[in-house]
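J.: Following this message is one structure expressed as structure tokens.
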Amino acid sequence: MAKGIKIGNRVIAEQCPVFIIAEAGVNHNGQIAMAKKLVDSAKRIGADAIKFQTFRAEELVTANAPKAEYQKKTDAHPSQYAMLKKLELSEDQFSELFEYSQKKGIMFLSTPFDRISAEFLALLGLPAYKIGSGELTNVPLLQQVAQFKKPIILSTGMSSLEEVVEAVKTIHKEGNRELILLHCTSNYPTKYEEVNLNAMLTLRNKFDVAVGYSDHTLGIEISVAAVALGACVIEKHLTLDKNLPGPDHKTSLEPQEFQKMVEAIRNVEKARGNGIKKPNPSEIAIQKVARKSIVAACDIEKGVTITSDMLTVKRPGTGIEPKWLQRLTGKRAKTIIRKDQIFSWDIVQ
């Protein structure tokens, strides 16, 4: 079992409660007031952390970088640069959000997309760093963030196992082994047949690390299923309103949906248990009602040798267990045994 990773006051491990990240991303639409409302919402609905995205558009994309197909459908700006420029928050605004989140009692995280933003977040004092799927092959950024010697949550969308191996080696070479890997499919929304949840288990088995799932499907089912399979971290987009303009709102959960997901995850993590197969204390009393005993199929006189045709098996399970049927055959009745009487060892010899 992979060792636990401590982030703030939380330990991320299979035997611990699932760490649920409300991915606000850029769903603040470049407005600090909306960003604070997302913080409030994430806290209210039970998320463990609120996560934003920190970038400078001019450091992230070229002036004419094309948009993804889903971005073309959800945003009217002509290029990635124009879209992202409208979604930027300043360093002062992020500092304000960091302090606001602390005041509200929810962990603040953010994903850096460039070296300047990574350095800023380091100065801000984040307890961990989330690296997006698009940066998995960005070796210079991986090296920089690894050198901060803080836990790293790395998404692995769009990547092959070989690319993940290279990214993990890059981080380890910097002396940082505080790593959590998130399986992810980088499509918005992700089709169910493209989820491949079992790949999360491949990551766990290959790297012996805590794993999780960054969910871009519609609804909550796949996040809940990931927890049932052993996810230690779930990341899901949160919006105040799916109808707001912007690239990610339509594939995000509104607060009431997100809360249902949190509740379902908490129920499933309880149900996962410790893996030890044994009856629960509440089942012990049911054993006597639901299991069976050996009983007399007919009246048996005292001193008669018992044969198999004199025996049958019925509820309740308060007498000799059926597994001893052959052992009971051939013994003699010490007293009269009536039909349907439950056998005990003290009435035979």
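We label chains A, B, ... in the order they appear in the structure tokens, count residues from 1 in each chain, and number ligands from 1 in the order shown.
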Would you please give, as a ChimeraX atom specification, all residues of stretch 211-273 of chain A that DSSP assigns to strand (DSSP E) based on the backbone?
T.: /A:211-215,233-237
J.: Write out as a ChimeraX atom specification which residues come within 8 Å of stretch 231-246 of chain A when counting only C-alpha atoms, dropping same-chain ones fewer than 4 positions away.
T.: /A:12-14,16-25,27,29,37-38,42,74-75,182,200,210-216,223,226-227,250-255,258
J.: Please, could you write that set of residues out with N, CA, C and O atoms as a short mmCIF file (atom, residue, chain, number, x, y, z; two decimals), in the first residue's frame?
T.:
data_model
loop_
_atom_site.label_atom_id
_atom_site.label_comp_id
_atom_site.auth_asym_id
_atom_site.auth_seq_id
_atom_site.Cartn_x
_atom_site.Cartn_y
_atom_site.Cartn_z
N ILE A 12 -3.53 12.03 2.67
CA ILE A 12 -4.12 11.44 1.47
C ILE A 12 -3.61 10.01 1.38
O ILE A 12 -2.43 9.77 1.14
N ALA A 13 -4.51 9.05 1.58
CA ALA A 13 -4.15 7.64 1.55
C ALA A 13 -5.42 6.82 1.40
O ALA A 13 -6.52 7.32 1.65
N GLU A 14 -5.25 5.55 1.03
CA GLU A 14 -6.41 4.69 0.78
C GLU A 14 -7.29 4.53 2.01
O GLU A 14 -8.51 4.42 1.90
N CYS A 16 -7.83 6.66 4.33
CA CYS A 16 -8.28 7.96 4.83
C CYS A 16 -9.47 8.47 4.01
O CYS A 16 -9.71 8.01 2.89
N PRO A 17 -10.22 9.44 4.56
CA PRO A 17 -11.32 10.02 3.78
C PRO A 17 -10.83 10.59 2.45
O PRO A 17 -9.72 11.12 2.36
N VAL A 18 -11.66 10.46 1.44
CA VAL A 18 -11.31 10.96 0.11
C VAL A 18 -11.14 12.48 0.15
O VAL A 18 -11.92 13.19 0.78
N PHE A 19 -10.11 12.96 -0.51
CA PHE A 19 -9.81 14.39 -0.59
C PHE A 19 -10.54 14.93 -1.82
O PHE A 19 -10.21 14.58 -2.96
N ILE A 20 -11.55 15.78 -1.59
CA ILE A 20 -12.41 16.26 -2.67
C ILE A 20 -12.04 17.71 -3.01
O ILE A 20 -12.14 18.60 -2.16
N ILE A 21 -11.65 17.90 -4.26
CA ILE A 21 -11.24 19.23 -4.74
C ILE A 21 -12.35 19.82 -5.61
O ILE A 21 -12.75 19.22 -6.61
N ALA A 22 -12.84 20.96 -5.22
CA ALA A 22 -13.77 21.71 -6.06
C ALA A 22 -12.94 22.55 -7.02
O ALA A 22 -12.29 23.52 -6.60
N GLU A 23 -12.95 22.16 -8.27
CA GLU A 23 -12.16 22.85 -9.30
C GLU A 23 -12.94 24.06 -9.79
O GLU A 23 -13.82 23.95 -10.66
N ALA A 24 -12.63 25.22 -9.20
CA ALA A 24 -13.24 26.46 -9.67
C ALA A 24 -12.64 26.86 -11.00
O ALA A 24 -13.31 27.44 -11.87
N GLY A 25 -11.33 26.56 -11.16
CA GLY A 25 -10.67 26.85 -12.43
C GLY A 25 -10.80 28.30 -12.81
O GLY A 25 -10.40 29.21 -12.07
N ASN A 27 -13.89 29.46 -13.66
CA ASN A 27 -15.34 29.70 -13.61
C ASN A 27 -15.72 30.96 -12.83
O ASN A 27 -16.91 31.22 -12.62
N ASN A 29 -14.85 33.76 -14.19
CA ASN A 29 -14.99 34.67 -15.34
C ASN A 29 -14.19 35.95 -15.17
O ASN A 29 -14.57 37.02 -15.67
N LYS A 37 -17.51 33.86 -4.22
CA LYS A 37 -18.75 33.08 -4.10
C LYS A 37 -18.49 31.59 -4.33
O LYS A 37 -19.12 30.73 -3.70
N LEU A 38 -17.55 31.28 -5.22
CA LEU A 38 -17.17 29.89 -5.43
C LEU A 38 -16.50 29.31 -4.20
O LEU A 38 -16.73 28.14 -3.84
N ALA A 42 -18.00 26.16 -2.21
CA ALA A 42 -17.20 24.94 -2.00
C ALA A 42 -17.15 24.57 -0.52
O ALA A 42 -17.25 23.39 -0.17
N THR A 74 -18.35 27.01 -26.41
CA THR A 74 -18.75 27.64 -25.15
C THR A 74 -18.20 29.04 -24.95
O THR A 74 -18.52 29.68 -23.94
N ASP A 75 -17.38 29.52 -25.87
CA ASP A 75 -16.77 30.84 -25.71
C ASP A 75 -16.67 31.53 -27.06
O ASP A 75 -16.32 30.91 -28.07
N LEU A 182 -3.37 11.58 -10.72
CA LEU A 182 -4.79 11.56 -11.06
C LEU A 182 -4.98 11.05 -12.48
O LEU A 182 -4.41 11.60 -13.43
N MET A 200 -6.65 4.10 -13.73
CA MET A 200 -6.28 4.64 -12.41
C MET A 200 -5.58 3.57 -11.59
O MET A 200 -4.59 3.84 -10.89
N ALA A 210 -0.49 7.08 -4.08
CA ALA A 210 -1.92 7.37 -3.96
C ALA A 210 -2.42 7.90 -5.30
O ALA A 210 -1.72 8.66 -5.97
N VAL A 211 -3.60 7.47 -5.69
CA VAL A 211 -4.16 7.88 -6.98
C VAL A 211 -5.55 8.46 -6.80
O VAL A 211 -6.20 8.31 -5.76
N GLY A 212 -6.01 9.13 -7.84
CA GLY A 212 -7.35 9.70 -7.82
C GLY A 212 -7.85 9.90 -9.23
O GLY A 212 -7.26 9.41 -10.20
N TYR A 213 -8.92 10.66 -9.33
CA TYR A 213 -9.55 10.87 -10.64
C TYR A 213 -9.97 12.31 -10.80
O TYR A 213 -10.66 12.87 -9.93
N SER A 214 -9.56 12.92 -11.90
CA SER A 214 -9.99 14.26 -12.28
C SER A 214 -11.10 14.08 -13.30
O SER A 214 -10.86 13.63 -14.42
N ASP A 215 -12.32 14.44 -12.92
CA ASP A 215 -13.52 14.02 -13.65
C ASP A 215 -14.07 15.12 -14.54
O ASP A 215 -14.46 16.18 -14.06
N HIS A 216 -14.14 14.83 -15.84
CA HIS A 216 -14.73 15.76 -16.79
C HIS A 216 -16.00 15.21 -17.43
O HIS A 216 -16.46 15.73 -18.46
N SER A 223 -17.26 9.84 -10.70
CA SER A 223 -16.47 10.18 -9.51
C SER A 223 -16.76 9.20 -8.37
O SER A 223 -15.84 8.75 -7.68
N ALA A 226 -15.15 5.93 -9.12
CA ALA A 226 -13.70 5.99 -8.90
C ALA A 226 -13.36 5.79 -7.43
O ALA A 226 -12.39 5.10 -7.09
N VAL A 227 -14.18 6.36 -6.56
CA VAL A 227 -13.96 6.17 -5.12
C VAL A 227 -14.15 4.71 -4.74
O VAL A 227 -13.38 4.15 -3.96
N LYS A 250 -20.44 24.67 -18.61
CA LYS A 250 -21.44 23.66 -19.02
C LYS A 250 -21.05 22.25 -18.59
O LYS A 250 -21.91 21.39 -18.43
N THR A 251 -19.77 21.99 -18.40
CA THR A 251 -19.33 20.66 -17.98
C THR A 251 -19.01 20.62 -16.49
O THR A 251 -18.38 19.68 -16.02
N SER A 252 -19.45 21.63 -15.76
CA SER A 252 -19.22 21.70 -14.31
C SER A 252 -20.49 21.31 -13.56
O SER A 252 -21.57 21.23 -14.13
N LEU A 253 -20.34 21.08 -12.27
CA LEU A 253 -21.48 20.83 -11.41
C LEU A 253 -21.90 22.10 -10.72
O LEU A 253 -21.04 22.88 -10.26
N GLU A 254 -23.19 22.34 -10.63
CA GLU A 254 -23.70 23.42 -9.81
C GLU A 254 -23.65 22.97 -8.34
O GLU A 254 -23.54 21.77 -8.06
N PRO A 255 -23.73 23.92 -7.40
CA PRO A 255 -23.54 23.55 -5.99
C PRO A 255 -24.38 22.40 -5.48
O PRO A 255 -23.87 21.52 -4.78
N PHE A 258 -22.99 19.19 -6.81
CA PHE A 258 -21.70 18.91 -6.19
C PHE A 258 -21.90 18.36 -4.78
O PHE A 258 -21.21 17.42 -4.36
#
J.: With only C-alpha atoms as the atoms that count, which of A:Asn64, A:Leu161, A:Leu328, A:Thr54 lies nearest to A:Arg115?
T.: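 For A:Arg115, the nearest of the given residues is A:Thr54.
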J.: Just how far from atom CA of A:Asn187 is atom CA of A:Ile220, in Å to one decimal?
T.: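 Calculated distance between atom CA of A:Ile220 and atom CA of A:Asn187 is 16.1 Å.
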J.: Neighbours of A:Thr185 within 9 Å (only C-alpha atoms; same-chain residues fewer than 5 positions away dropped), as a PDB file with all heavy atoms, in the first residue's frame?
T.:
ATOM      1  N   SER A 133      -2.982  18.353 -16.738  1.00  0.00           N
ATOM      2  CA  SER A 133      -2.563  17.353 -17.722  1.00  0.00           C
ATOM      3  C   SER A 133      -1.710  17.950 -18.835  1.00  0.00           C
ATOM      4  O   SER A 133      -0.776  17.304 -19.332  1.00  0.00           O
ATOM      5  CB  SER A 133      -3.793  16.675 -18.329  1.00  0.00           C
ATOM      6  OG  SER A 133      -4.506  15.938 -17.365  1.00  0.00           O
ATOM      7  N   THR A 156      -2.992  13.277 -15.445  1.00  0.00           N
ATOM      8  CA  THR A 156      -2.311  12.518 -16.495  1.00  0.00           C
ATOM      9  C   THR A 156      -3.140  12.380 -17.779  1.00  0.00           C
ATOM     10  O   THR A 156      -2.949  11.439 -18.539  1.00  0.00           O
ATOM     11  CB  THR A 156      -1.937  11.116 -15.977  1.00  0.00           C
ATOM     12  OG1 THR A 156      -3.154  10.428 -15.606  1.00  0.00           O
ATOM     13  CG2 THR A 156      -1.014  11.200 -14.770  1.00  0.00           C
ATOM     14  N   GLY A 157      -4.072  13.295 -18.011  1.00  0.00           N
ATOM     15  CA  GLY A 157      -4.859  13.238 -19.232  1.00  0.00           C
ATOM     16  C   GLY A 157      -3.995  13.370 -20.470  1.00  0.00           C
ATOM     17  O   GLY A 157      -2.928  13.988 -20.438  1.00  0.00           O
ATOM     18  N   MET A 158      -4.413  12.776 -21.560  1.00  0.00           N
ATOM     19  CA  MET A 158      -3.757  12.837 -22.875  1.00  0.00           C
ATOM     20  C   MET A 158      -2.423  12.100 -22.918  1.00  0.00           C
ATOM     21  O   MET A 158      -1.716  12.163 -23.922  1.00  0.00           O
ATOM     22  CB  MET A 158      -3.517  14.297 -23.313  1.00  0.00           C
ATOM     23  CG  MET A 158      -4.755  15.164 -23.348  1.00  0.00           C
ATOM     24  SD  MET A 158      -4.379  16.883 -23.758  1.00  0.00           S
ATOM     25  CE  MET A 158      -3.557  17.424 -22.248  1.00  0.00           C
ATOM     26  N   THR A 190     -16.313  14.366 -21.080  1.00  0.00           N
ATOM     27  CA  THR A 190     -15.770  13.049 -21.396  1.00  0.00           C
ATOM     28  C   THR A 190     -16.914  12.046 -21.555  1.00  0.00           C
ATOM     29  O   THR A 190     -17.799  11.965 -20.708  1.00  0.00           O
ATOM     30  CB  THR A 190     -14.827  12.575 -20.271  1.00  0.00           C
ATOM     31  OG1 THR A 190     -13.737  13.489 -20.157  1.00  0.00           O
ATOM     32  CG2 THR A 190     -14.304  11.187 -20.565  1.00  0.00           C
ATOM     33  N   GLU A 194     -14.937   6.605 -22.817  1.00  0.00           N
ATOM     34  CA  GLU A 194     -13.558   7.091 -22.879  1.00  0.00           C
ATOM     35  C   GLU A 194     -12.951   7.298 -21.500  1.00  0.00           C
ATOM     36  O   GLU A 194     -11.812   7.758 -21.382  1.00  0.00           O
ATOM     37  CB  GLU A 194     -13.511   8.404 -23.664  1.00  0.00           C
ATOM     38  CG  GLU A 194     -13.872   8.245 -25.138  1.00  0.00           C
ATOM     39  CD  GLU A 194     -13.762   9.544 -25.918  1.00  0.00           C
ATOM     40  OE1 GLU A 194     -13.737  10.628 -25.278  1.00  0.00           O
ATOM     41  OE2 GLU A 194     -13.710   9.482 -27.151  1.00  0.00           O
ATOM     42  N   VAL A 195     -13.674   6.949 -20.460  1.00  0.00           N
ATOM     43  CA  VAL A 195     -13.199   7.192 -19.091  1.00  0.00           C
ATOM     44  C   VAL A 195     -12.042   6.263 -18.722  1.00  0.00           C
ATOM     45  O   VAL A 195     -11.018   6.705 -18.186  1.00  0.00           O
ATOM     46  CB  VAL A 195     -14.359   7.023 -18.073  1.00  0.00           C
ATOM     47  CG1 VAL A 195     -13.823   6.998 -16.649  1.00  0.00           C
ATOM     48  CG2 VAL A 195     -15.364   8.161 -18.234  1.00  0.00           C
ATOM     49  N   ASN A 196     -12.203   4.962 -18.942  1.00  0.00           N
ATOM     50  CA  ASN A 196     -11.153   3.976 -18.641  1.00  0.00           C
ATOM     51  C   ASN A 196     -10.681   4.070 -17.193  1.00  0.00           C
ATOM     52  O   ASN A 196      -9.490   4.242 -16.900  1.00  0.00           O
ATOM     53  CB  ASN A 196      -9.960   4.150 -19.599  1.00  0.00           C
ATOM     54  CG  ASN A 196      -8.983   2.987 -19.524  1.00  0.00           C
ATOM     55  OD1 ASN A 196      -9.303   1.920 -18.990  1.00  0.00           O
ATOM     56  ND2 ASN A 196      -7.780   3.195 -20.023  1.00  0.00           N
ATOM     57  N   SER A 214      -9.557  12.916 -11.895  1.00  0.00           N
ATOM     58  CA  SER A 214      -9.991  14.255 -12.276  1.00  0.00           C
ATOM     59  C   SER A 214     -11.103  14.081 -13.302  1.00  0.00           C
ATOM     60  O   SER A 214     -10.856  13.630 -14.423  1.00  0.00           O
ATOM     61  CB  SER A 214      -8.821  15.054 -12.856  1.00  0.00           C
ATOM     62  OG  SER A 214      -9.245  16.354 -13.221  1.00  0.00           O
ATOM     63  N   ASP A 215     -12.317  14.436 -12.922  1.00  0.00           N
ATOM     64  CA  ASP A 215     -13.516  14.021 -13.645  1.00  0.00           C
ATOM     65  C   ASP A 215     -14.069  15.124 -14.535  1.00  0.00           C
ATOM     66  O   ASP A 215     -14.461  16.181 -14.058  1.00  0.00           O
ATOM     67  CB  ASP A 215     -14.572  13.584 -12.626  1.00  0.00           C
ATOM     68  CG  ASP A 215     -15.800  12.977 -13.274  1.00  0.00           C
ATOM     69  OD1 ASP A 215     -15.783  12.753 -14.495  1.00  0.00           O
ATOM     70  OD2 ASP A 215     -16.779  12.713 -12.547  1.00  0.00           O
ATOM     71  N   HIS A 216     -14.138  14.827 -15.844  1.00  0.00           N
ATOM     72  CA  HIS A 216     -14.734  15.763 -16.794  1.00  0.00           C
ATOM     73  C   HIS A 216     -15.999  15.208 -17.429  1.00  0.00           C
ATOM     74  O   HIS A 216     -16.456  15.729 -18.457  1.00  0.00           O
ATOM     75  CB  HIS A 216     -13.714  16.129 -17.879  1.00  0.00           C
ATOM     76  CG  HIS A 216     -12.492  16.805 -17.359  1.00  0.00           C
ATOM     77  ND1 HIS A 216     -11.227  16.539 -17.834  1.00  0.00           N
ATOM     78  CD2 HIS A 216     -12.333  17.726 -16.368  1.00  0.00           C
ATOM     79  CE1 HIS A 216     -10.344  17.268 -17.180  1.00  0.00           C
ATOM     80  NE2 HIS A 216     -10.997  17.992 -16.281  1.00  0.00           N
ATOM     81  N   THR A 217     -16.554  14.138 -16.850  1.00  0.00           N
ATOM     82  CA  THR A 217     -17.824  13.616 -17.341  1.00  0.00           C
ATOM     83  C   THR A 217     -18.964  14.482 -16.826  1.00  0.00           C
ATOM     84  O   THR A 217     -18.799  15.259 -15.876  1.00  0.00           O
ATOM     85  CB  THR A 217     -18.061  12.167 -16.886  1.00  0.00           C
ATOM     86  OG1 THR A 217     -18.173  12.139 -15.452  1.00  0.00           O
ATOM     87  CG2 THR A 217     -16.938  11.250 -17.334  1.00  0.00           C
TER      88      THR A 217
END
J.: I'd like to know which residues of stretch 91-319 of chain A are alpha helix (DSSP H) (by DSSP, run on the backbone); could you write them as a PyMOL selection string?
T.: chain A and resi 91-104+115-124+139-146+161-173+198-207+221-229+255-272+281-290
J.: Using only C-alpha atoms, determine which residues lie at most 12 Å from A:Lys36, disregarding the query and same-chain residues fewer than 6 positions distant; provide the list as a list in words.
T.: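 Using only C-alpha atoms, the neighbours found are Ala24, Asn27, His28, Asn29, Gly30, Ala42, Lys43, Ile50, Lys51, Phe52, Gln93, Phe94, Glu96, Leu97, Phe98, Glu99, Tyr100, Ser101, Gln102, Lys103, Lys104, Ile106, Phe108, Thr239 and Leu240 of chain A.
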J.: Ranking A:Phe113, A:Glu135, A:Pro66, A:Glu166 by minimum distance to A:Leu154 and counting only C-alpha atoms, which one comes first?
T.: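 The closest residue to A:Leu154 is A:Glu135.
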J.: Record the distance separating atom CA of A:Asp248 and atom CA of A:Ala57, expressed in Å with one decimal.
T.: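 For atom CA of A:Asp248 relative to atom CA of A:Ala57, the distance reads 17.0 Å.
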J.: Give me the residues within 7 Å of stretch 341-345 of chain A as a list in words, counting only C-alpha atoms and dropping any in the same chain fewer than 2 places off.
T.: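 Final neighbour list, sorted by chain and number: Ser293, Ile294, Val295, Ala296, Gly319, Ile320, Ile337, Arg338, Lys339, Ile347 and Val348 of chain A.
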J.: Selection from above, N, CA, C and O atoms, as a short mmCIF file (atom, residue, chain, number, x, y, z; two decimals), in the first residue's frame, can you write it?
T.:
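That gives us selection-v7.cif:
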data_model
loop_
_atom_site.label_atom_id
_atom_site.label_comp_id
_atom_site.auth_asym_id
_atom_site.auth_seq_id
_atom_site.Cartn_x
_atom_site.Cartn_y
_atom_site.Cartn_z
N SER A 293 -29.95 -25.55 10.60
CA SER A 293 -29.47 -26.60 11.50
C SER A 293 -29.95 -27.95 10.98
O SER A 293 -30.87 -28.03 10.16
N ILE A 294 -29.34 -29.00 11.49
CA ILE A 294 -29.83 -30.36 11.21
C ILE A 294 -31.04 -30.62 12.11
O ILE A 294 -30.98 -30.39 13.33
N VAL A 295 -32.15 -31.05 11.51
CA VAL A 295 -33.36 -31.35 12.27
C VAL A 295 -33.86 -32.75 11.89
O VAL A 295 -33.48 -33.32 10.86
N ALA A 296 -34.71 -33.28 12.75
CA ALA A 296 -35.27 -34.62 12.51
C ALA A 296 -36.32 -34.56 11.41
O ALA A 296 -37.24 -33.73 11.44
N GLY A 319 -28.80 -25.03 16.06
CA GLY A 319 -28.36 -26.37 16.42
C GLY A 319 -27.08 -26.77 15.72
O GLY A 319 -26.23 -25.92 15.41
N ILE A 320 -26.95 -28.09 15.46
CA ILE A 320 -25.76 -28.60 14.78
C ILE A 320 -25.78 -28.11 13.33
O ILE A 320 -26.78 -28.22 12.62
N ILE A 337 -36.60 -38.37 19.87
CA ILE A 337 -36.41 -37.14 19.11
C ILE A 337 -37.62 -36.97 18.19
O ILE A 337 -37.91 -37.84 17.38
N ARG A 338 -38.33 -35.90 18.36
CA ARG A 338 -39.55 -35.66 17.59
C ARG A 338 -39.24 -35.01 16.24
O ARG A 338 -38.23 -34.31 16.07
N LYS A 339 -40.14 -35.22 15.27
CA LYS A 339 -40.00 -34.59 13.95
C LYS A 339 -39.87 -33.07 14.09
O LYS A 339 -40.57 -32.45 14.88
N ILE A 347 -28.03 -34.92 22.57
CA ILE A 347 -29.16 -35.87 22.47
C ILE A 347 -28.78 -37.11 21.65
O ILE A 347 -29.63 -37.92 21.32
N VAL A 348 -27.50 -37.21 21.30
CA VAL A 348 -27.02 -38.40 20.58
C VAL A 348 -25.76 -38.92 21.24
O VAL A 348 -25.10 -38.24 22.04
#
J.: From the options A:Arg204, A:Gly46, A:Ile300, A:Asp340, which residue's atoms come nearest to A:Glu263, counting only C-alpha atoms?
T.: A:Gly46
J.: So that I can see what lies close to A:Asn9, please list as a PDB file with C-alpha atoms, in the first residue's frame the residues with an atom at most 10 Å from it, counting only C-alpha atoms and leaving out residues fewer than 3 positions away in the same chain.
T.:
ATOM      1  CA  LYS A   6       0.149  14.973   4.043  1.00  0.00           C
ATOM      2  CA  ILE A  12      -4.124  11.437   1.475  1.00  0.00           C
ATOM      3  CA  MET A 107      -7.863  24.807   1.684  1.00  0.00           C
ATOM      4  CA  PRO A 127       0.352  23.486   0.947  1.00  0.00           C
TER       5      PRO A 127
END
J.: Quick one: residues within 9 Å of stretch 272-278 of chain A, only C-alpha atoms, excluding same-chain residues fewer than 4 positions away - as an MDAnalysis selection string?
T.: chainID A and resid 15 227:230 267:268
J.: For the selection you just gave me, I'd like the residues written to a file as a PDB file, in the first residue's frame, keeping N, CA, C and O atoms.
T.:
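Result saved to result.pdb:
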ATOM      1  N   GLN A  15      -6.688   4.497   3.184  1.00  0.00           N
ATOM      2  CA  GLN A  15      -7.468   4.254   4.396  1.00  0.00           C
ATOM      3  C   GLN A  15      -8.042   5.536   4.992  1.00  0.00           C
ATOM      4  O   GLN A  15      -8.692   5.496   6.039  1.00  0.00           O
ATOM      5  N   VAL A 227     -14.175   6.356  -6.560  1.00  0.00           N
ATOM      6  CA  VAL A 227     -13.961   6.173  -5.123  1.00  0.00           C
ATOM      7  C   VAL A 227     -14.147   4.712  -4.742  1.00  0.00           C
ATOM      8  O   VAL A 227     -13.379   4.147  -3.960  1.00  0.00           O
ATOM      9  N   ALA A 228     -15.156   4.072  -5.314  1.00  0.00           N
ATOM     10  CA  ALA A 228     -15.382   2.654  -5.036  1.00  0.00           C
ATOM     11  C   ALA A 228     -14.179   1.815  -5.465  1.00  0.00           C
ATOM     12  O   ALA A 228     -13.874   0.797  -4.838  1.00  0.00           O
ATOM     13  N   LEU A 229     -13.482   2.246  -6.521  1.00  0.00           N
ATOM     14  CA  LEU A 229     -12.310   1.519  -7.006  1.00  0.00           C
ATOM     15  C   LEU A 229     -11.044   1.836  -6.209  1.00  0.00           C
ATOM     16  O   LEU A 229     -10.035   1.162  -6.387  1.00  0.00           O
ATOM     17  N   GLY A 230     -11.092   2.865  -5.369  1.00  0.00           N
ATOM     18  CA  GLY A 230      -9.929   3.168  -4.550  1.00  0.00           C
ATOM     19  C   GLY A 230      -9.327   4.547  -4.723  1.00  0.00           C
ATOM     20  O   GLY A 230      -8.226   4.816  -4.230  1.00  0.00           O
ATOM     21  N   ASN A 267     -20.562   8.299   1.580  1.00  0.00           N
ATOM     22  CA  ASN A 267     -21.230   7.022   1.826  1.00  0.00           C
ATOM     23  C   ASN A 267     -20.416   5.860   1.268  1.00  0.00           C
ATOM     24  O   ASN A 267     -20.260   4.817   1.915  1.00  0.00           O
ATOM     25  N   VAL A 268     -19.882   6.040   0.056  1.00  0.00           N
ATOM     26  CA  VAL A 268     -19.128   4.960  -0.585  1.00  0.00           C
ATOM     27  C   VAL A 268     -17.817   4.703   0.154  1.00  0.00           C
ATOM     28  O   VAL A 268     -17.400   3.550   0.314  1.00  0.00           O
TER      29      VAL A 268
END
J.: Mind pulling up the distance from atom CA of A:Glu178 to atom CA of A:Lys149?
T.: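 Rounded to one decimal, the two atoms are 7.9 Å apart.
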J.: Between A:Leu218, A:Ala128, A:Ala47, A:Met83, which is the closest to A:Ala63 once you count only C-alpha atoms?
T.: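 Smallest separation from A:Ala63 among the options: A:Met83.
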J.: Taking only C-alpha atoms into account, name the residue in A:Gly132, A:His249, A:Glu162, A:Glu221 that is nearest to A:Leu181.
T.: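 The closest residue to A:Leu181 is A:Gly132.
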J.: In terms of the shortest atom-to-atom distance over only C-alpha atoms, which of A:Ser160, A:Gly175, A:Met34, A:Ala2 is closest to A:Ala199?
T.: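 Looking at the shortest contact to A:Ala199, the residue is A:Ser160.
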